[in-house]
2 protein chains.
Amino acid sequence: MKIIKGGVTTPKGFLAGSASCGIKKSGKTDLALLFSTSPCVATGTFTTNKVKSGSVVLCMQRIAKGVSQGVIVNSGNANCCVGKKEIEDAMEITEEVSARLGIKKNLMLMASTGIIGRPLPAGKIKSGLSSLINDLSPSNGTKFAKAIMTTDTVHKEIAVKINIKGREIIIAGAVKGAGMICPNMATMLAFFTTDAAIKKKALNQAFKESIYDSFNKITVDGDMSTNDSAIIFANGQAGNSVIKNNTRDYTAFLDAIKFVTKELSRKIILDGEGATRFVEIIVKGAKTENTAGRVARHIANSNLVKTMIAGGDPNWGRIAASAGSSGTDITPACMDIYFGNVLVMKNGAGVNVSGGLLLGIFKKKEIKIIVDLKSGKFSDRVWTCDFTEKYVRINAEYET
Amino acid sequence: MKIIKGGVTTPKGFLAGSASCGIKKSGKTDLALLFSTSPCVATGTFTTNKVKSGSVVLCMQRIAKGVSQGVIVNSGNANCCVGKKEIEDAMEITEEVSARLGIKKNLMLMASTGIIGRPLPAGKIKSGLSSLINDLSPSNGTKFAKAIMTTDTVHKEIAVKINIKGREIIIAGAVKGAGMICPNMATMLAFFTTDAAIKKKALNQAFKESIYDSFNKITVDGDMSTNDSAIIFANGQAGNSVIKNNTRDYTAFLDAIKFVTKELSRKIILDGEGATRFVEIIVKGAKTENTAGRVARHIANSNLVKTMIAGGDPNWGRIAASAGSSGTDITPACMDIYFGNVLVMKNGAGVNVSGGLLLGIFKKKEIKIIVDLKSGKFSDRVWTCDFTEKYVRINAEYET
C-alpha cells in the first residue's frame, strides 16, 4: 500500500464539484457534489441518535439496496428537527440533481451538516445546482473536501494505492469533523471512493470493520450528532477481478480501507474544536473488550482529564477517578497508569516520578495514556483531544 | 419551617473549629473539625466511584454502626490513590483527635478533598490539631464551612428551625462543591447537624430520600469524585420526643431536611466552577422515571448544551440532539421543548418564535428547560450550570 497525493476524485471515474449558494453567511462554498460516472456498489453507516436529519433518513433508505452513484452535501444547515419538510426537501433536491445528471433518482444520496432546527433553504440550494454541476471535474477532490467543512480549520482528505493481481486500485476519502464528535456511531460526514470492483457483501464487511476501528473510537466532546454519515462508493472502474470475502485480495483491500479510515479519524481529532493535543488512551488487561472500551471512552470524555491535558498538567489522579466511575467492575488496587512509557500509578497508588520528566511528556503534541487493569486479556483504544477555552468559545459563540 | 441565620453549629450541642496547617499553599484554613458534645445518631452516603479515598473507606466502616460524634476534614489533599497509607493516615489522625477530645476512637470520622494521588501530609495535620481543637466553639459554623472549601468561591451553609410538639428543632448544613460534581452519588463534602432526637431508622430513611432528591440531581461537569461524602449528625439535645418513621413528626423533619439539602445542592450549582447561570432541566411525559432521569442527566452533561447556555444562545437543536443520543427509547416525533414557558420545538420540529423573546430568557441568571416526551406519566429534574471558558481555565491551571 502506498499513500498518494489526492482525495475522493483520485480513483478512476469519480468527479466532484463545489459551489456557494448562500447558506454560509461567510460566502464560503456550502454545496458539494460527488459523482461516479458509473453506478457503484455502496454502503454506509449512520448516526444511532434517535433524532436523525431528514438527509440521513433518505440516505439510509436509498443505500439499503447497495447501489448508488453519488451524494450531494450541504454545509451550514443540518436539515434536522424541522418536521416533514426535511425529507421532502432532501427528496426534491436529490431528484433535481439526478435529473440533471441523467441518472435514476434513487441513486443520488444527500448529506447535511450545520445548525439544527432551521428549515433548509431549498430554494437557495436549487438555484445553486447549475454552478455545482458545471463544476464537476476529476480534479476537484480538494474543493469537495473544503465545501463540506463547518468549524473545521483544515480540510481532511487522503488517498492510497494498492495492487491487486497486477491491477492498481485507489481508495480515497474526505471527512469533516470538529464538534459533536463522539464514538459509537459513524462520524460527522465521511465519504470514501474506490475504483475497486468488489462484491457488495465484501464491501459491507470491510467498511463496517474499518468504521468500528476508526470513527467509532474517537471523541472530541462526547456529543453525538444527528447527521453522522459515513458512505463508501466502489465503481469497479479499476477493472480488477471482483474482490470477494475471505480472499487475499479482500485482506489487501481491508488493510487499505482500515488505514484510510484510521488516518482520517486521526485528522478529525487533530482538528477537534479548540484542540491543541492528540491523545491516545489505551486500556488493557480488561476482563472483556466491553470493559476496556467503556473505561477508555469514559476517560476520553472526562472534562477534568481533557482540561488537565490542555493545561499540560500530569495530574493522573483524574484518570484514576474517571476509570473508577466508568460503571465497570474494575479493581482499583490492580490498576496501573502510564504516561507514555512512564509508570505513574502502580496497583492504585502513585509512583514517585520526576515532575520534570512528566512535564516533558505533556509538552508534546501527542500524548499516550495507558491504563492497565491487570484483570484480563482484553484491550481497546480511543483517540481524543484536549479541551481548551477555545472549544468553549467556539461553541458559546456558534450563532443560531 | 423557618430559615434562620446560622450553620452547622446552630443546633444545640455542636461545636466547630478550623486551622491552617500548611496543606494549602495559600495559607488559608485547611483543617476543620465538627464535634457534638454528646454522641449522635448518624448516617451518610458516599461516592459510588470504585476508586475511593481512604477517608471515605474509614467513614463507611465507622458510620455503619449508626453512632458518631464528629468529623475532621482536611482540604487540599484527597487522601486517595496513595495505597495503604491512606487508611493508616485516616486512622492515626482520627485516633489522635478522639484521644484529645476524650471520646471513643470509632466515633470520629474523617473527610478529605483536594488533589488526588499525593500522600496526605499527616505530620502537618497532626501538628495542627492543637490549634484546631482549641478553636472549637459553638459560634464557628461559618469558619468550618470556609475551611472545607477548595475551588469554591463562596462558603455554603444554611440552618432552618421547625417545631415538633412544642420543641424547637434546628437542622443545619455546610457543603463544598465547585468541580468533580456529578449526579448518582453523594456530593463532594456535605455535613448536616441537628439537635433533633430521632430513631436511627428514621434518620437513615429521611437522609437517603433527601440526598436522592438533591445532591443526586445536580451536575457541574459530569465527573464523579473519589471523595464524595454526605454525613448527618443528630444529637437529640433539643429534647423532643424521639422521631419515628411514619409519623407527623417524621414528615415535618423530612420536609425540613429535604429543604436544607436542596438549598445546599442549589448553592453548589450556583458556585459551580466558572458557572454564570443556574439551569433547571425538567423532563416530563416519560415512559419511566429512569428514562426521564437519563434524558435529563444526558442533556445536563452535554458540553454543547452547556456552552450554548454560556453563550446565551437559544440553540435548542442541541437539546434535541442530546435527548436523542441519551440511549433511551424516546420518540423524536413526540418531543416538545420549552425555554421557560416558551414552546420552541413541537413534535420534533421547530416552532417560529421571536429571537428577541428567547434572547431575553437566556439573559437571565436562571434558565428553565423543559423537555416533554409525551409518551408517559413520569418526570425528573436535574440542576446544572453553564460551561464557560473559566471552567477550562480553572481546571487546566489546577496545580498538581
# chains A, B, ... in the order shown; residues from 1 in each chain; ligands from 1
call {"tool": "closest_atom_pairs", "arguments": {"of": "chain B", "to": "chain A", "cutoff": "6 Å", "atoms": "only C-alpha atoms", "output": "JSON lines"}}
result
{"residue": "B:Asn49", "atom": "CA", "partner": "A:Ser325", "partner_atom": "CA", "distance": 4.6}
{"residue": "B:Lys50", "atom": "CA", "partner": "A:Gly324", "partner_atom": "CA", "distance": 4.5}
{"residue": "B:Val51", "atom": "CA", "partner": "A:Gly324", "partner_atom": "CA", "distance": 4.9}
{"residue": "B:Cys81", "atom": "CA", "partner": "A:Ala349", "partner_atom": "CA", "distance": 4.5}
{"residue": "B:Val82", "atom": "CA", "partner": "A:Ala349", "partner_atom": "CA", "distance": 4.2}
{"residue": "B:Gly83", "atom": "CA", "partner": "A:Ala349", "partner_atom": "CA", "distance": 4.7}
{"residue": "B:Ile116", "atom": "CA", "partner": "A:Gly317", "partner_atom": "CA", "distance": 4.8}
{"residue": "B:Gly117", "atom": "CA", "partner": "A:Gly317", "partner_atom": "CA", "distance": 5.4}
{"residue": "B:Thr226", "atom": "CA", "partner": "A:Ala321", "partner_atom": "CA", "distance": 6.0}
{"residue": "B:Thr307", "atom": "CA", "partner": "A:Ala396", "partner_atom": "CA", "distance": 4.8}
{"residue": "B:Met308", "atom": "CA", "partner": "A:Ala396", "partner_atom": "CA", "distance": 4.8}
{"residue": "B:Ala310", "atom": "CA", "partner": "A:Ala396", "partner_atom": "CA", "distance": 5.9}
{"residue": "B:Gly311", "atom": "CA", "partner": "A:Ala396", "partner_atom": "CA", "distance": 4.0}
{"residue": "B:Asn315", "atom": "CA", "partner": "A:Thr400", "partner_atom": "CA", "distance": 5.9}
{"residue": "B:Gly317", "atom": "CA", "partner": "A:Ile116", "partner_atom": "CA", "distance": 4.8}
{"residue": "B:Ala321", "atom": "CA", "partner": "A:Thr226", "partner_atom": "CA", "distance": 5.9}
{"residue": "B:Gly324", "atom": "CA", "partner": "A:Lys50", "partner_atom": "CA", "distance": 4.5}
{"residue": "B:Ser325", "atom": "CA", "partner": "A:Asn49", "partner_atom": "CA", "distance": 4.6}
{"residue": "B:Pro332", "atom": "CA", "partner": "A:Val51", "partner_atom": "CA", "distance": 5.7}
{"residue": "B:Gly348", "atom": "CA", "partner": "A:Cys81", "partner_atom": "CA", "distance": 5.5}
{"residue": "B:Ala349", "atom": "CA", "partner": "A:Val82", "partner_atom": "CA", "distance": 4.2}
{"residue": "B:Gly350", "atom": "CA", "partner": "A:Val82", "partner_atom": "CA", "distance": 5.5}
{"residue": "B:Glu389", "atom": "CA", "partner": "A:Glu389", "partner_atom": "CA", "distance": 4.6}
{"residue": "B:Val392", "atom": "CA", "partner": "A:Glu389", "partner_atom": "CA", "distance": 5.6}
{"residue": "B:Asn395", "atom": "CA", "partner": "A:Thr307", "partner_atom": "CA", "distance": 5.7}
{"residue": "B:Ala396", "atom": "CA", "partner": "A:Gly311", "partner_atom": "CA", "distance": 4.0}
{"residue": "B:Glu397", "atom": "CA", "partner": "A:Gly311", "partner_atom": "CA", "distance": 5.7}
{"residue": "B:Thr400", "atom": "CA", "partner": "A:Asn315", "partner_atom": "CA", "distance": 5.9}
call {"tool": "select_by_dssp", "arguments": {"residues": "region 83-207 of chain B", "states": "strand (DSSP E)", "output": "MDAnalysis selection string"}}
result
chainID B and resid 108:115 156:164 167:176 189:194
call {"tool": "calpha_fit_rmsd", "arguments": {"fixed": "chain A", "moving": "chain B"}}
result
0.0 Å
call {"tool": "residues_around", "arguments": {"residues": "Lys199 (chain A)", "least_positions_apart": "3", "cutoff": "12 Å", "atoms": "only C-alpha atoms", "output": "PyMOL selection string"}}
result
chain A and resi 40-43+66-67+196+202-206+233-236+240-247+249-250+253
call {"tool": "select_by_dssp", "arguments": {"residues": "region 76-267 of chain B", "states": "helix (DSSP H, G or I)", "output": "ChimeraX atom specification"}}
result
/B:85-101,105-107,122-134,141-147,200-212,215-217,248-267
call {"tool": "closest_residue", "arguments": {"among": "B:Phe259, B:Phe339, B:Phe46, B:Trp383", "to": "Arg277 (chain B)", "atoms": "only C-alpha atoms"}}
result
B:Trp383
call {"tool": "residues_around", "arguments": {"residues": "Ser131 (chain A)", "least_positions_apart": "3", "cutoff": "10 Å", "atoms": "only C-alpha atoms", "output": "VMD selection string"}}
result
chain A and resid 17 to 21 31 127 to 128 134 to 136
call {"tool": "residues_around", "arguments": {"residues": "Gly141 (chain B)", "least_positions_apart": "4", "cutoff": "6 Å", "atoms": "only C-alpha atoms", "output": "number ranges by chain"}}
result
B: 7-9, 16
call {"tool": "write_last_selection", "arguments": {"atoms": "N, CA and C atoms", "output": "PDB file, in the first residue's frame"}}
result
ATOM      1  N   GLY B   7     -25.393  27.969  60.779  1.00  0.00           N
ATOM      2  CA  GLY B   7     -24.786  26.857  60.062  1.00  0.00           C
ATOM      3  C   GLY B   7     -24.711  25.641  60.964  1.00  0.00           C
ATOM      4  N   VAL B   8     -23.694  24.809  60.745  1.00  0.00           N
ATOM      5  CA  VAL B   8     -23.637  23.511  61.420  1.00  0.00           C
ATOM      6  C   VAL B   8     -23.553  23.585  62.944  1.00  0.00           C
ATOM      7  N   THR B   9     -23.182  24.737  63.514  1.00  0.00           N
ATOM      8  CA  THR B   9     -23.122  24.807  64.982  1.00  0.00           C
ATOM      9  C   THR B   9     -24.350  25.481  65.579  1.00  0.00           C
ATOM     10  N   ALA B  16     -17.576  23.768  66.388  1.00  0.00           N
ATOM     11  CA  ALA B  16     -16.717  23.615  65.212  1.00  0.00           C
ATOM     12  C   ALA B  16     -15.492  24.485  65.374  1.00  0.00           C
TER      13      ALA B  16
END
call {"tool": "atom_distance", "arguments": {"atom1": "CA of Ser137 (chain A)", "atom2": "CA of Met108 (chain A)"}}
result
17.4 Å
call {"tool": "residues_around", "arguments": {"residues": "Ser265 (chain A)", "least_positions_apart": "6", "cutoff": "7 Å", "atoms": "only C-alpha atoms", "output": "compact mmCIF listing (two decimals) with N, CA and C atoms, in the first residue's frame"}}
result
# COMPACT_ATOMS: atom_id res chain seq x y z
N SER A 214 -12.15 2.86 13.64
CA SER A 214 -11.63 4.21 13.38
C SER A 214 -12.59 5.26 13.96
N PHE A 215 -13.64 5.59 13.23
CA PHE A 215 -14.53 6.68 13.66
C PHE A 215 -15.29 6.34 14.94
N ILE A 218 -13.19 7.44 18.29
CA ILE A 218 -12.70 8.80 18.53
C ILE A 218 -13.78 9.59 19.25
call {"tool": "decode", "arguments": {"residues": "region 119-219 of chain B", "atoms": "C-alpha atoms", "output": "PDB file, in the first residue's frame"}}
result
ATOM      1  CA  PRO B 119       0.365  11.360  50.209  1.00  0.00           C
ATOM      2  CA  LEU B 120      -1.507  13.186  52.956  1.00  0.00           C
ATOM      3  CA  PRO B 121       0.914  15.369  54.965  1.00  0.00           C
ATOM      4  CA  ALA B 122      -0.107  13.595  58.167  1.00  0.00           C
ATOM      5  CA  GLY B 123       2.678  15.246  60.144  1.00  0.00           C
ATOM      6  CA  LYS B 124       1.445  18.732  59.227  1.00  0.00           C
ATOM      7  CA  ILE B 125      -2.117  17.769  60.101  1.00  0.00           C
ATOM      8  CA  LYS B 126      -1.115  16.316  63.472  1.00  0.00           C
ATOM      9  CA  SER B 127       0.905  19.414  64.350  1.00  0.00           C
ATOM     10  CA  GLY B 128      -2.193  21.488  63.516  1.00  0.00           C
ATOM     11  CA  LEU B 129      -4.518  19.546  65.807  1.00  0.00           C
ATOM     12  CA  SER B 130      -3.860  21.588  68.963  1.00  0.00           C
ATOM     13  CA  SER B 131      -4.908  24.871  67.397  1.00  0.00           C
ATOM     14  CA  LEU B 132      -7.811  23.120  65.628  1.00  0.00           C
ATOM     15  CA  ILE B 133      -9.198  21.732  68.867  1.00  0.00           C
ATOM     16  CA  ASN B 134      -8.529  24.953  70.764  1.00  0.00           C
ATOM     17  CA  ASP B 135     -10.641  26.718  68.172  1.00  0.00           C
ATOM     18  CA  LEU B 136     -13.751  24.582  68.890  1.00  0.00           C
ATOM     19  CA  SER B 137     -16.698  26.838  69.637  1.00  0.00           C
ATOM     20  CA  PRO B 138     -20.466  26.906  69.102  1.00  0.00           C
ATOM     21  CA  SER B 139     -20.017  30.087  67.058  1.00  0.00           C
ATOM     22  CA  ASN B 140     -17.600  28.706  64.442  1.00  0.00           C
ATOM     23  CA  GLY B 141     -20.040  27.172  61.948  1.00  0.00           C
ATOM     24  CA  THR B 142     -19.045  29.618  59.226  1.00  0.00           C
ATOM     25  CA  LYS B 143     -15.335  29.080  59.864  1.00  0.00           C
ATOM     26  CA  PHE B 144     -15.994  25.349  59.374  1.00  0.00           C
ATOM     27  CA  ALA B 145     -17.821  25.993  56.078  1.00  0.00           C
ATOM     28  CA  LYS B 146     -14.896  28.122  54.886  1.00  0.00           C
ATOM     29  CA  ALA B 147     -12.149  25.680  55.870  1.00  0.00           C
ATOM     30  CA  ILE B 148     -13.603  22.855  53.732  1.00  0.00           C
ATOM     31  CA  MET B 149     -13.531  24.938  50.519  1.00  0.00           C
ATOM     32  CA  THR B 150     -11.199  24.222  47.564  1.00  0.00           C
ATOM     33  CA  THR B 151     -12.120  25.937  44.273  1.00  0.00           C
ATOM     34  CA  ASP B 152     -15.390  27.184  45.799  1.00  0.00           C
ATOM     35  CA  THR B 153     -15.702  30.959  45.632  1.00  0.00           C
ATOM     36  CA  VAL B 154     -18.237  31.286  48.458  1.00  0.00           C
ATOM     37  CA  HIS B 155     -18.885  29.219  51.566  1.00  0.00           C
ATOM     38  CA  LYS B 156     -22.224  27.445  51.623  1.00  0.00           C
ATOM     39  CA  GLU B 157     -24.280  26.916  54.779  1.00  0.00           C
ATOM     40  CA  ILE B 158     -27.869  27.010  55.900  1.00  0.00           C
ATOM     41  CA  ALA B 159     -29.990  26.486  59.025  1.00  0.00           C
ATOM     42  CA  VAL B 160     -33.730  26.008  59.497  1.00  0.00           C
ATOM     43  CA  LYS B 161     -35.988  25.753  62.535  1.00  0.00           C
ATOM     44  CA  ILE B 162     -39.022  23.501  62.914  1.00  0.00           C
ATOM     45  CA  ASN B 163     -41.349  22.946  65.799  1.00  0.00           C
ATOM     46  CA  ILE B 164     -42.193  19.422  66.896  1.00  0.00           C
ATOM     47  CA  LYS B 165     -44.775  19.151  69.682  1.00  0.00           C
ATOM     48  CA  GLY B 166     -43.692  22.451  71.187  1.00  0.00           C
ATOM     49  CA  ARG B 167     -39.997  21.706  70.962  1.00  0.00           C
ATOM     50  CA  GLU B 168     -37.814  23.775  68.662  1.00  0.00           C
ATOM     51  CA  ILE B 169     -35.543  21.694  66.460  1.00  0.00           C
ATOM     52  CA  ILE B 170     -32.768  23.064  64.285  1.00  0.00           C
ATOM     53  CA  ILE B 171     -31.397  21.397  61.161  1.00  0.00           C
ATOM     54  CA  ALA B 172     -28.298  22.827  59.518  1.00  0.00           C
ATOM     55  CA  GLY B 173     -25.723  22.023  56.871  1.00  0.00           C
ATOM     56  CA  ALA B 174     -22.477  23.077  55.220  1.00  0.00           C
ATOM     57  CA  VAL B 175     -21.176  21.899  51.858  1.00  0.00           C
ATOM     58  CA  LYS B 176     -18.347  22.380  49.433  1.00  0.00           C
ATOM     59  CA  GLY B 177     -18.655  21.800  45.728  1.00  0.00           C
ATOM     60  CA  ALA B 178     -17.310  23.532  42.631  1.00  0.00           C
ATOM     61  CA  GLY B 179     -15.823  20.721  40.463  1.00  0.00           C
ATOM     62  CA  MET B 180     -15.976  16.919  40.041  1.00  0.00           C
ATOM     63  CA  ILE B 181     -19.687  17.192  40.708  1.00  0.00           C
ATOM     64  CA  CYS B 182     -21.986  14.684  39.025  1.00  0.00           C
ATOM     65  CA  PRO B 183     -25.256  13.032  39.963  1.00  0.00           C
ATOM     66  CA  ASN B 184     -25.806   9.453  41.122  1.00  0.00           C
ATOM     67  CA  MET B 185     -23.732   9.705  44.220  1.00  0.00           C
ATOM     68  CA  ALA B 186     -23.493  11.954  47.234  1.00  0.00           C
ATOM     69  CA  THR B 187     -21.713  15.227  46.586  1.00  0.00           C
ATOM     70  CA  MET B 188     -18.202  16.382  47.298  1.00  0.00           C
ATOM     71  CA  LEU B 189     -18.488  17.043  51.029  1.00  0.00           C
ATOM     72  CA  ALA B 190     -21.720  17.825  52.837  1.00  0.00           C
ATOM     73  CA  PHE B 191     -22.204  17.882  56.600  1.00  0.00           C
ATOM     74  CA  PHE B 192     -25.517  18.207  58.386  1.00  0.00           C
ATOM     75  CA  THR B 193     -26.273  18.660  62.046  1.00  0.00           C
ATOM     76  CA  THR B 194     -29.486  18.602  64.027  1.00  0.00           C
ATOM     77  CA  ASP B 195     -30.342  18.626  67.677  1.00  0.00           C
ATOM     78  CA  ALA B 196     -33.424  16.505  66.970  1.00  0.00           C
ATOM     79  CA  ALA B 197     -33.886  13.246  68.814  1.00  0.00           C
ATOM     80  CA  ILE B 198     -34.600  10.760  66.050  1.00  0.00           C
ATOM     81  CA  LYS B 199     -34.506   6.992  65.607  1.00  0.00           C
ATOM     82  CA  LYS B 200     -31.639   5.631  63.543  1.00  0.00           C
ATOM     83  CA  LYS B 201     -34.031   4.059  61.026  1.00  0.00           C
ATOM     84  CA  ALA B 202     -35.989   7.290  60.624  1.00  0.00           C
ATOM     85  CA  LEU B 203     -32.816   9.344  60.159  1.00  0.00           C
ATOM     86  CA  ASN B 204     -31.492   6.889  57.568  1.00  0.00           C
ATOM     87  CA  GLN B 205     -34.687   6.973  55.565  1.00  0.00           C
ATOM     88  CA  ALA B 206     -35.125  10.742  55.682  1.00  0.00           C
ATOM     89  CA  PHE B 207     -31.495  11.386  54.757  1.00  0.00           C
ATOM     90  CA  LYS B 208     -31.487   8.867  51.912  1.00  0.00           C
ATOM     91  CA  GLU B 209     -34.651  10.361  50.442  1.00  0.00           C
ATOM     92  CA  SER B 210     -33.309  13.911  50.763  1.00  0.00           C
ATOM     93  CA  ILE B 211     -29.958  13.137  49.126  1.00  0.00           C
ATOM     94  CA  TYR B 212     -31.696  11.317  46.264  1.00  0.00           C
ATOM     95  CA  ASP B 213     -33.743  14.405  45.546  1.00  0.00           C
ATOM     96  CA  SER B 214     -30.958  16.969  45.978  1.00  0.00           C
ATOM     97  CA  PHE B 215     -27.284  16.095  45.551  1.00  0.00           C
ATOM     98  CA  ASN B 216     -28.031  13.149  43.299  1.00  0.00           C
ATOM     99  CA  LYS B 217     -29.825  15.501  40.896  1.00  0.00           C
ATOM    100  CA  ILE B 218     -27.117  18.047  40.265  1.00  0.00           C
ATOM    101  CA  THR B 219     -24.153  18.033  37.925  1.00  0.00           C
TER     102      THR B 219
END
